[in-house]
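Visitor: Input file: model_3.tsv. Contents: TSV, C-alpha atoms and all ligand atoms.
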```tsv
chain	number	residue	atom	x	y	z
B	1	MET	CA	8.76	21.21	-9.00
B	2	ILE	CA	6.72	20.01	-6.01
B	3	ASP	CA	5.45	16.56	-6.90
B	4	PHE	CA	2.40	15.44	-4.92
B	5	ARG	CA	1.24	12.89	-7.50
B	6	SER	CA	2.40	9.88	-5.52
B	7	ASP	CA	4.78	8.70	-2.81
B	8	THR	CA	6.33	6.53	-5.53
B	9	PHE	CA	8.18	9.65	-6.75
B	10	THR	CA	10.69	9.54	-3.90
B	11	LYS	CA	14.35	9.28	-4.85
B	12	PRO	CA	17.05	7.55	-2.79
B	13	THR	CA	18.72	9.81	-0.22
B	14	PRO	CA	22.54	10.04	-0.05
B	15	GLY	CA	22.56	7.68	2.97
B	16	MET	CA	20.45	5.16	1.09
B	17	LEU	CA	22.66	5.37	-2.00
B	18	GLU	CA	25.71	4.75	0.16
B	19	ALA	CA	24.07	1.66	1.68
B	20	MET	CA	23.26	0.42	-1.83
B	21	PHE	CA	26.79	1.07	-3.05
B	22	LYS	CA	28.28	-0.92	-0.17
B	23	ALA	CA	25.86	-3.88	-0.39
B	24	GLU	CA	27.22	-7.41	-0.44
B	25	VAL	CA	25.52	-9.35	-3.22
B	26	GLY	CA	25.17	-12.81	-4.73
B	27	ASP	CA	22.73	-14.65	-7.00
B	28	ASP	CA	19.38	-14.46	-5.23
B	29	VAL	CA	17.73	-17.07	-7.46
B	30	TYR	CA	20.27	-19.47	-5.89
B	31	GLY	CA	19.38	-17.99	-2.48
B	32	GLU	CA	22.92	-16.62	-2.21
B	33	ASP	CA	22.42	-12.88	-1.95
B	34	PRO	CA	23.28	-12.06	1.68
B	35	THR	CA	21.60	-8.65	1.61
B	36	VAL	CA	18.32	-10.04	0.25
B	37	ASN	CA	18.45	-12.84	2.82
B	38	LYS	CA	18.98	-10.25	5.53
B	39	LEU	CA	16.06	-8.10	4.32
B	40	GLU	CA	13.78	-11.14	4.18
B	41	SER	CA	14.63	-12.41	7.66
B	42	TYR	CA	14.66	-8.88	9.10
B	43	SER	CA	11.16	-8.08	7.82
B	44	ALA	CA	9.76	-11.48	8.81
B	45	ASP	CA	11.14	-10.93	12.34
B	46	MET	CA	9.66	-7.43	12.49
B	47	PHE	CA	6.19	-8.93	12.02
B	48	GLY	CA	6.87	-12.01	14.14
B	49	MET	CA	6.27	-14.16	11.06
B	50	GLU	CA	8.31	-17.08	9.72
B	51	ALA	CA	9.55	-15.99	6.31
B	52	ALA	CA	9.51	-13.32	3.62
B	53	LEU	CA	10.09	-12.89	-0.10
B	54	PHE	CA	11.54	-9.83	-1.83
B	55	CYS	CA	9.73	-8.91	-5.06
B	56	PRO	CA	9.99	-6.18	-7.69
B	57	SER	CA	6.60	-4.60	-6.94
B	58	GLY	CA	3.60	-4.52	-4.66
B	59	THR	CA	1.44	-5.69	-7.50
B	60	MET	CA	3.58	-8.81	-7.68
B	61	THR	CA	3.50	-9.47	-3.91
B	62	ASN	CA	-0.29	-9.08	-3.88
B	63	GLN	CA	-0.80	-11.22	-6.96
B	64	ILE	CA	1.51	-13.97	-5.70
B	65	ALA	CA	-0.32	-14.00	-2.36
B	66	ILE	CA	-3.71	-14.25	-4.07
B	67	LYS	CA	-2.41	-17.06	-6.32
B	68	CYS	CA	-1.16	-18.96	-3.25
B	69	HIS	CA	-4.43	-18.56	-1.35
B	70	THR	CA	-6.86	-19.48	-4.16
B	71	GLN	CA	-7.73	-22.20	-6.67
B	72	PRO	CA	-9.19	-21.48	-10.14
B	73	GLY	CA	-12.89	-20.67	-9.80
B	74	ASP	CA	-12.56	-19.26	-6.29
B	75	GLU	CA	-13.74	-15.82	-5.16
B	76	VAL	CA	-11.90	-13.06	-3.31
B	77	ILE	CA	-13.73	-10.64	-1.01
B	78	CYS	CA	-12.36	-7.09	-0.94
B	79	ASP	CA	-13.46	-3.46	-0.91
B	80	GLN	CA	-14.55	-2.14	-4.32
B	81	LEU	CA	-11.74	0.46	-4.18
B	82	SER	CA	-9.01	-2.09	-3.43
B	83	HIS	CA	-5.74	-1.83	-5.32
B	84	VAL	CA	-5.87	-5.61	-5.95
B	85	TYR	CA	-9.19	-5.10	-7.74
B	86	ILE	CA	-8.94	-1.76	-9.58
B	87	TYR	CA	-5.21	-1.16	-10.10
B	88	GLU	CA	-3.62	-4.51	-10.86
B	89	GLY	CA	-4.73	-4.95	-14.45
B	90	GLY	CA	-7.33	-7.61	-13.73
B	91	GLY	CA	-4.57	-9.75	-12.22
B	92	ILE	CA	-6.93	-11.76	-10.00
B	93	ALA	CA	-8.65	-13.07	-13.13
B	94	PHE	CA	-5.45	-13.28	-15.20
B	95	ASN	CA	-3.17	-14.98	-12.68
B	96	SER	CA	-5.51	-16.80	-10.33
B	97	LEU	CA	-8.58	-17.46	-12.53
B	98	SER	CA	-10.65	-16.22	-9.61
B	99	SER	CA	-13.51	-13.77	-9.35
B	100	VAL	CA	-13.88	-10.78	-7.04
B	101	ARG	CA	-16.73	-9.93	-4.68
B	102	PRO	CA	-16.31	-6.15	-4.42
B	103	ILE	CA	-17.82	-4.64	-1.27
B	104	ILE	CA	-18.96	-1.03	-0.95
B	105	GLY	CA	-17.05	-0.10	2.18
B	106	ASN	CA	-16.32	3.06	4.12
B	107	CYS	CA	-13.28	4.87	2.68
B	108	GLY	CA	-11.83	1.62	1.42
B	109	ARG	CA	-12.51	-0.35	4.60
B	110	ILE	CA	-14.95	-3.23	4.97
B	111	THR	CA	-16.52	-4.65	8.12
B	112	ALA	CA	-16.73	-8.16	9.55
B	113	ASP	CA	-20.51	-8.15	8.97
B	114	GLN	CA	-20.00	-7.26	5.31
B	115	VAL	CA	-17.47	-10.06	4.94
B	116	ALA	CA	-19.83	-12.56	6.59
B	117	ASP	CA	-22.65	-11.51	4.23
B	118	ALA	CA	-20.45	-11.86	1.14
B	119	ILE	CA	-19.36	-15.46	1.76
B	120	ASN	CA	-20.98	-17.80	-0.73
B	121	PRO	CA	-22.86	-20.84	0.54
B	122	ASP	CA	-21.54	-24.30	-0.32
B	123	ASP	CA	-23.52	-24.49	-3.56
B	124	ILE	CA	-22.24	-25.72	-6.94
B	125	HIS	CA	-23.71	-22.62	-8.64
B	126	LYS	CA	-21.44	-20.32	-6.68
B	127	PRO	CA	-17.73	-19.60	-6.76
B	128	ARG	CA	-16.00	-20.90	-3.65
B	129	THR	CA	-15.11	-18.02	-1.35
B	130	SER	CA	-11.55	-18.62	-0.20
B	131	LEU	CA	-9.84	-15.31	0.55
B	132	VAL	CA	-10.44	-11.92	2.13
B	133	SER	CA	-8.04	-9.15	1.13
B	134	LEU	CA	-7.84	-5.95	3.20
B	135	GLU	CA	-5.92	-2.76	2.43
B	136	ASN	CA	-4.35	-0.72	5.25
B	137	THR	CA	-3.93	2.16	4.73
B	138	ALA	CA	-6.56	2.31	2.00
B	139	ASN	CA	-5.18	4.30	-0.94
B	140	ARG	CA	-8.47	5.29	-2.60
B	141	GLY	CA	-10.03	5.74	0.82
B	142	GLY	CA	-7.74	8.75	1.35
B	143	GLY	CA	-5.08	6.88	3.33
B	144	SER	CA	-7.66	5.66	5.85
B	145	CYS	CA	-6.70	3.17	8.58
B	146	TYR	CA	-8.58	0.21	9.95
B	147	ASP	CA	-9.51	0.03	13.62
B	148	PHE	CA	-7.58	-2.98	14.79
B	149	SER	CA	-10.65	-4.34	16.56
B	150	GLU	CA	-12.48	-4.59	13.21
B	151	ILE	CA	-9.59	-6.58	11.76
B	152	GLU	CA	-9.87	-8.95	14.73
B	153	LYS	CA	-13.57	-9.41	14.03
B	154	ILE	CA	-12.87	-10.06	10.34
B	155	LYS	CA	-10.29	-12.67	11.37
B	156	GLU	CA	-12.92	-14.45	13.47
B	157	VAL	CA	-15.22	-14.63	10.44
B	158	CYS	CA	-12.33	-15.98	8.34
B	159	LEU	CA	-11.47	-18.66	10.90
B	160	LYS	CA	-15.09	-19.73	11.21
B	161	ASN	CA	-15.43	-20.04	7.42
B	162	ASN	CA	-12.01	-21.41	6.56
B	163	LEU	CA	-10.94	-18.30	4.60
B	164	SER	CA	-7.39	-16.98	4.25
B	165	LEU	CA	-6.75	-13.35	5.18
B	166	HIS	CA	-4.31	-11.22	3.15
B	167	LEU	CA	-3.21	-7.67	3.91
B	168	ASP	CA	-2.23	-5.28	1.14
B	169	GLY	CA	-0.04	-3.25	3.46
B	170	ALA	CA	1.58	-1.13	0.75
B	171	ARG	CA	1.42	1.69	3.31
B	172	LEU	CA	1.03	-0.36	6.49
B	173	PHE	CA	3.80	1.55	8.25
B	174	ASN	CA	1.82	4.77	7.81
B	175	ALA	CA	-1.02	3.13	9.76
B	176	ILE	CA	1.33	1.68	12.37
B	177	VAL	CA	2.95	5.08	12.97
B	178	VAL	CA	-0.29	7.05	13.24
B	179	LYS	CA	-2.12	4.48	15.40
B	180	GLY	CA	0.85	3.57	17.59
B	181	GLU	CA	0.40	-0.09	16.66
B	182	LYS	CA	3.00	-2.88	16.59
B	183	ALA	CA	3.98	-4.77	13.46
B	184	GLU	CA	3.58	-8.06	15.37
B	185	GLN	CA	-0.14	-7.39	15.87
B	186	PHE	CA	-0.57	-7.65	12.12
B	187	GLY	CA	1.79	-10.62	11.84
B	188	ASN	CA	-0.32	-12.49	14.40
B	189	ILE	CA	-3.54	-12.06	12.47
B	190	PHE	CA	-2.85	-12.14	8.74
B	191	ASP	CA	-1.88	-15.19	6.70
B	192	SER	CA	0.14	-12.94	4.40
B	193	ILE	CA	1.23	-9.30	4.37
B	194	SER	CA	2.53	-7.27	1.44
B	195	ILE	CA	4.64	-4.17	2.20
B	196	CYS	CA	5.87	-1.56	-0.30
B	197	LEU	CA	9.39	-0.29	0.28
B	198	SER	CA	9.15	2.06	-2.68
B	199	LYS	CA	6.29	4.27	-1.46
B	200	GLY	CA	6.73	6.64	1.46
B	201	LEU	CA	9.61	4.54	2.80
B	202	GLY	CA	11.66	5.91	-0.08
B	203	ALA	CA	13.38	2.87	-1.64
B	204	PRO	CA	13.65	3.05	-5.45
B	205	VAL	CA	12.14	-0.41	-6.05
B	206	GLY	CA	10.75	-3.32	-4.14
B	207	SER	CA	8.07	-4.93	-2.03
B	208	ILE	CA	8.17	-7.68	0.50
B	209	LEU	CA	5.70	-10.52	1.02
B	210	ILE	CA	5.60	-11.99	4.53
B	211	GLY	CA	3.99	-15.20	5.75
B	212	LYS	CA	4.51	-18.75	6.99
B	213	LYS	CA	7.47	-20.82	5.76
B	214	ASN	CA	5.39	-23.10	3.51
B	215	PHE	CA	3.48	-20.16	2.07
B	216	ILE	CA	6.70	-18.34	1.18
B	217	LYS	CA	8.14	-21.50	-0.35
B	218	LYS	CA	5.12	-21.66	-2.66
B	219	ALA	CA	5.34	-17.90	-3.27
B	220	ARG	CA	8.99	-18.21	-4.32
B	221	ARG	CA	8.01	-20.72	-7.00
B	222	ILE	CA	5.26	-18.42	-8.31
B	223	ARG	CA	7.63	-15.44	-8.32
B	224	LYS	CA	9.92	-17.45	-10.61
B	225	VAL	CA	7.03	-18.35	-12.93
B	226	LEU	CA	6.10	-14.66	-13.18
B	227	GLY	CA	9.69	-13.80	-14.11
B	228	GLY	CA	10.34	-12.11	-10.79
B	229	GLY	CA	13.46	-14.06	-9.84
B	230	MET	CA	16.23	-11.46	-9.63
B	231	ARG	CA	19.99	-11.99	-9.43
B	232	GLN	CA	22.39	-9.54	-7.64
B	233	VAL	CA	19.39	-7.71	-6.27
B	234	GLY	CA	21.05	-7.05	-2.92
B	235	TYR	CA	21.86	-3.56	-4.20
B	236	ILE	CA	18.12	-2.88	-4.18
B	237	ALA	CA	17.43	-4.86	-1.01
B	238	ALA	CA	20.02	-2.67	0.75
B	239	ALA	CA	17.81	0.33	-0.01
B	240	GLY	CA	14.87	-1.51	1.54
B	241	LEU	CA	16.81	-2.33	4.70
B	242	TYR	CA	17.94	1.28	4.93
B	243	ALA	CA	14.33	2.44	4.51
B	244	LEU	CA	13.06	0.17	7.29
B	245	ASP	CA	15.78	1.41	9.64
B	246	ASN	CA	15.62	5.12	8.82
B	247	HIS	CA	12.37	6.13	7.18
B	248	VAL	CA	9.56	4.70	9.30
B	249	GLU	CA	9.27	7.25	12.09
B	250	ARG	CA	9.57	10.18	9.72
B	251	LEU	CA	6.26	9.15	8.10
B	252	ALA	CA	4.69	11.23	10.90
B	253	ASP	CA	6.06	14.35	9.15
B	254	ASP	CA	4.15	13.42	5.99
B	255	HIS	CA	0.97	12.98	8.02
B	256	ARG	CA	1.42	16.40	9.63
B	257	HIS	CA	2.08	17.99	6.22
B	258	ALA	CA	-1.07	16.42	4.76
B	259	LYS	CA	-3.16	17.91	7.58
B	260	MET	CA	-1.59	21.36	7.06
B	261	ILE	CA	-2.44	21.35	3.35
B	262	ALA	CA	-5.96	20.08	4.11
B	263	ALA	CA	-6.47	22.95	6.54
B	264	ALA	CA	-5.50	25.44	3.81
B	265	LEU	CA	-7.84	23.81	1.29
B	266	GLU	CA	-10.72	23.73	3.76
B	267	LYS	CA	-10.86	27.53	3.74
B	268	LYS	CA	-11.32	27.74	-0.03
B	269	GLU	CA	-14.74	27.97	-1.65
B	270	PHE	CA	-13.80	25.57	-4.45
B	271	THR	CA	-13.07	22.76	-2.00
B	272	GLY	CA	-15.87	20.26	-1.46
B	273	THR	CA	-15.71	17.19	0.73
B	274	ILE	CA	-12.25	16.30	2.02
B	275	LEU	CA	-11.90	12.64	2.99
B	276	PRO	CA	-10.70	12.39	6.62
B	277	VAL	CA	-6.93	12.97	6.56
B	278	GLU	CA	-5.39	10.22	8.68
B	279	THR	CA	-2.03	9.64	7.00
B	280	ASN	CA	-0.12	10.93	3.96
B	281	ILE	CA	-2.91	10.94	1.38
B	282	LEU	CA	-5.31	13.81	0.85
B	283	ILE	CA	-8.34	13.30	-1.41
B	284	PHE	CA	-10.75	16.19	-1.90
B	285	ASP	CA	-13.62	17.24	-4.14
B	286	VAL	CA	-13.25	20.41	-6.17
B	287	ASN	CA	-16.18	22.35	-7.55
B	288	GLY	CA	-17.27	25.91	-8.38
B	289	LYS	CA	-14.55	27.60	-10.39
B	290	PHE	CA	-12.45	24.42	-10.79
B	291	THR	CA	-12.83	20.89	-12.04
B	292	PRO	CA	-10.21	18.34	-10.97
B	293	ALA	CA	-8.60	18.73	-14.41
B	294	SER	CA	-8.57	22.54	-14.40
B	295	PHE	CA	-7.32	22.64	-10.79
B	296	THR	CA	-4.47	20.32	-11.74
B	297	LYS	CA	-3.61	22.53	-14.72
B	298	ARG	CA	-3.80	25.71	-12.66
B	299	VAL	CA	-1.43	24.56	-9.89
B	300	LEU	CA	1.01	23.20	-12.48
B	301	GLU	CA	1.57	26.85	-13.49
B	302	ASP	CA	3.07	27.22	-10.01
B	303	ASP	CA	5.18	24.05	-10.41
B	304	ILE	CA	2.88	21.88	-8.29
B	305	LYS	CA	1.87	18.45	-9.54
B	306	VAL	CA	-1.30	16.76	-8.26
B	307	THR	CA	-3.50	13.98	-9.67
B	308	PRO	CA	-7.15	14.30	-10.73
B	309	ILE	CA	-8.36	10.84	-9.68
B	310	SER	CA	-12.06	11.01	-10.55
B	311	LYS	CA	-14.63	13.34	-12.08
B	312	THR	CA	-14.83	15.19	-8.77
B	313	GLN	CA	-11.65	14.40	-6.83
B	314	VAL	CA	-8.02	15.49	-6.67
B	315	ARG	CA	-5.35	13.51	-4.82
B	316	ILE	CA	-2.29	14.91	-3.05
B	317	VAL	CA	0.27	12.51	-1.56
B	318	LEU	CA	2.99	13.51	0.90
B	319	HIS	CA	6.38	11.77	1.03
B	320	LEU	CA	10.00	12.23	1.98
B	321	GLY	CA	10.72	14.27	-1.13
B	322	ILE	CA	8.40	17.02	0.14
B	323	THR	CA	10.14	19.38	2.55
B	324	GLU	CA	8.68	21.73	5.16
B	325	ASP	CA	9.49	24.64	2.80
B	326	MET	CA	7.63	23.04	-0.08
B	327	VAL	CA	4.57	22.58	2.14
B	328	ALA	CA	4.70	26.25	3.17
B	329	ARG	CA	5.01	27.32	-0.48
B	330	THR	CA	2.08	25.10	-1.45
B	331	ILE	CA	-0.12	26.56	1.28
B	332	LYS	CA	0.67	30.10	0.07
B	333	ILE	CA	-0.26	29.14	-3.46
B	334	ILE	CA	-3.54	27.55	-2.31
B	335	GLU	CA	-4.36	30.70	-0.32
B	336	GLY	CA	-3.93	32.75	-3.51
B	337	LEU	CA	-6.19	30.62	-5.71
B	401	LIG	C1	1.25	1.16	-4.77
B	401	LIG	C2	0.33	0.17	-4.21
B	401	LIG	C3	0.53	-1.21	-4.43
B	401	LIG	C4	1.67	-1.77	-5.25
B	401	LIG	O1	2.00	-1.06	-6.35
B	401	LIG	P1	3.31	-1.29	-7.23
B	401	LIG	O2	3.38	-0.05	-8.00
B	401	LIG	O3	3.05	-2.50	-8.05
B	401	LIG	O4	4.47	-1.49	-6.31
B	401	LIG	C5	-0.34	-2.08	-3.84
B	401	LIG	N1	-1.35	-1.65	-3.07
B	401	LIG	C6	-1.56	-0.35	-2.83
B	401	LIG	C7	-2.67	0.05	-1.93
B	401	LIG	C8	-0.74	0.60	-3.40
B	401	LIG	O5	-0.97	1.90	-3.17
```
Would it be possible to restate this file's structure as structure tokens?

Guide:
Amino acid sequence: MIDFRSDTFTKPTPGMLEAMFKAEVGDDVYGEDPTVNKLESYSADMFGMEAALFCPSGTMTNQIAIKCHTQPGDEVICDQLSHVYIYEGGGIAFNSLSSVRPIIGNCGRITADQVADAINPDDIHKPRTSLVSLENTANRGGGSCYDFSEIEKIKEVCLKNNLSLHLDGARLFNAIVVKGEKAEQFGNIFDSISICLSKGLGAPVGSILIGKKNFIKKARRIRKVLGGGMRQVGYIAAAGLYALDNHVERLADDHRHAKMIAAALEKKEFTGTILPVETNILIFDVNGKFTPASFTKRVLEDDIKVTPISKTQVRIVLHLGITEDMVARTIKIIEGL
């Protein structure tokens, strides 16, 4: 089976399993798990930020961050395709009692001008705008990356209007690798950053929330309220540390593979628009002899799993479980469709 449905389908490598097996652990709710403490300080240092918090999922790191940055009745500005808005079960309303101002962006990215236009005036009729949440790379935007200069402009708007700035960086390392950026650049700009260790980085579980000391102190309290306090979780944190040390640079392979598959699809009549392939996600329209559902069914006959994500689009995601050979086999199958 070649599973392109998501980069969450990765399984721990032998090296990662060995690191997990050897992990030193303690009770992390007491702050006594040395491996978790190491992962938290290591990732905070990577971004030049003060502190970090290990959580079970990226949904939890995002939701905790939003809870910390908002008060009930506030409003969050984000792209209409943002994970925090469309894939977190209405969590912004449920957890933070806040509303969302969804912006129609470009492949999941919004601009500083759009942010400025979406800020509510100081008027008792309006929710108080308090947070801007960006996603880099943007999942539903086809793994698109922000230009760093646009993020800088958005930051200026936030500073001028007293807004916090959160980054859903579930796949931030994909952007960093493809753009040749530095983690510290992001640490210098954002008030909080959420990173998934369980996507393309290949850890079985876990996300990390990074920010200032006081912010993380507050976040730790909210994690406990949500039931996210974990005990001897160093076994899992060890996988995250291993991923950060061994699986970042190899993301470039996934990006190359995504482009190779896109090139094969481009030659087929049934392929419509392909969103620009910048990282490990490939989103394309199918038409003519296939619908997204029938395309998915057809390639499953050849042991390939993809996801129909809308009435017109199919999504393919590359990750460390997809080898060079699997990519070659997939291209052959596409050529024969
Ligand atoms: C996967 C993902 C998350 C977090 O998802 P979990 O499954 O809860 O870990 C957050 N944001 C984006 C953009 C994602 O793709």

Visitor: Collect all residues with atoms no farther than 6 Å from ligand LIG 401 (chain B), counting all atoms listed in the file, and output them as a count of residues only.

Guide: 8

Visitor: Could you tell me how far atom CA of B:Pro204 sits from atom CA of B:Ala238, in Å to one decimal place?

Guide: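 We find that atom CA of B:Ala238 and atom CA of B:Pro204 lie 10.6 Å from each other.
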
Visitor: Tell me, as an MDAnalysis selection string, which residues lie within 8 Å of stretch 89-106 of chain B, counting all atoms listed in the file; anything in the same chain fewer than 3 positions away does not count.

Guide: chainID B and resid 63 66:67 70:80 84:86 109:111 114 118 127 141

Visitor: Where does stretch 117-201 of chain B meet stretch 2-14 of chain B within 9 Å, residue by residue, with the nearest atom pair and distance in Å to one decimal for each, counting all atoms listed in the file, listed by chain and rising number, as a Markdown table?

Guide:
```
| residue | atom | partner | partner_atom | distance |
| --- | --- | --- | --- | --- |
| B:Ser198 | CA | B:Thr8 | CA | 6.0 |
| B:Lys199 | CA | B:Thr8 | CA | 4.7 |
| B:Gly200 | CA | B:Asp7 | CA | 5.1 |
| B:Leu201 | CA | B:Thr10 | CA | 8.4 |
```

Visitor: Using all atoms listed in the file, determine which residues lie at most 9 Å from B:Glu278, disregarding the query and same-chain residues fewer than 5 positions distant; provide the list as a PyMOL selection string.

Guide: chain B and resi 142-145+175+178+255+258-259

Visitor: Export, as an mmCIF file, in the coordinates of the input, the selected residues with C-alpha atoms.

Guide:
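Output saved as again.cif:
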```
data_model
loop_
_atom_site.group_PDB
_atom_site.id
_atom_site.type_symbol
_atom_site.label_atom_id
_atom_site.label_comp_id
_atom_site.auth_asym_id
_atom_site.auth_seq_id
_atom_site.Cartn_x
_atom_site.Cartn_y
_atom_site.Cartn_z
ATOM 1 C CA GLY B 142 -7.740 8.750 1.350
ATOM 2 C CA GLY B 143 -5.080 6.880 3.330
ATOM 3 C CA SER B 144 -7.660 5.660 5.850
ATOM 4 C CA CYS B 145 -6.700 3.170 8.580
ATOM 5 C CA ALA B 175 -1.020 3.130 9.760
ATOM 6 C CA VAL B 178 -0.290 7.050 13.240
ATOM 7 C CA HIS B 255 0.970 12.980 8.020
ATOM 8 C CA ALA B 258 -1.070 16.420 4.760
ATOM 9 C CA LYS B 259 -3.160 17.910 7.580
#
```

Visitor: For B:Lys268, which residue out of B:Cys107, B:Gly227, B:Glu335, B:Ile316 is the nearest one, using only C-alpha atoms?

Guide: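 Of all the options, B:Glu335 lies closest to B:Lys268.
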
Visitor: Nearest to B:Leu81 among B:Thr279, B:Asn120, B:Thr137, B:Gln185, with distances taken over all atoms listed in the file: which residue is it?

Guide: B:Thr137

Visitor: Which is closest to B:Pro34 among B:Ala237, B:Thr271, B:Val317, B:Ile331, if we use all atoms listed in the file?

Guide: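 The shortest atom-to-atom distance to B:Pro34 comes from B:Ala237.
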
Visitor: Provide the atom CA of B:Lys305 to atom CA of B:Leu318 distance in Å, to one decimal place.

Guide: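 Here the two named atoms are 11.6 Å from each other.
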
Visitor: To one decimal in Å, tell me the separation between atom CA of B:Gly228 and atom CA of B:Tyr30.

Guide: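 Computing it gives 13.3 Å between the two atoms.
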
Visitor: Would you pick out the contacts of B:Lys217 at 12 Å or less, using all atoms listed in the file, so that residues sharing its chain but fewer than 3 positions from it are not included, and give the list as number ranges by chain?

Guide: B: 31, 50-53, 64-65, 68, 209-214, 220-224

Visitor: So, counting only C-alpha atoms, which residue among B:Val248, B:Thr129, B:Asn174, B:Ala112 is closest to B:Glu150?

Guide: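 Selected residue with least distance to B:Glu150: B:Ala112.
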
Visitor: Name the closest residue to B:Asp302 among the candidates B:Gly206, B:Ser133, B:Met230, B:Met1; distances are taken between atoms, counting only C-alpha atoms.

Guide: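 Nearest candidate to B:Asp302 out of B:Gly206, B:Ser133, B:Met230, B:Met1: B:Met1.
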
Visitor: May I have the protein, DNA and RNA residues with any atom at most 10 Å from the point (-14.7, 20.1, -7.9), counting all atoms listed in the file, written as a list of chain:residue names?

Guide: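 I get B:Phe270, B:Thr271, B:Gly272, B:Thr273, B:Phe284, B:Asp285, B:Val286, B:Asn287, B:Gly288, B:Lys289, B:Phe290, B:Thr291, B:Pro292, B:Ala293, B:Ser294, B:Phe295, B:Pro308, B:Ser310, B:Lys311, B:Thr312, B:Gln313, B:Val314 for the residues within 10 Å of that point.
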
Visitor: Rank B:Asp303, B:Asp253, B:Glu269, B:Glu40 by their smallest atom-to-atom distance to B:Leu320, using only C-alpha atoms, and report the top residue only.

Guide: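 The closest residue to B:Leu320 is B:Asp253.
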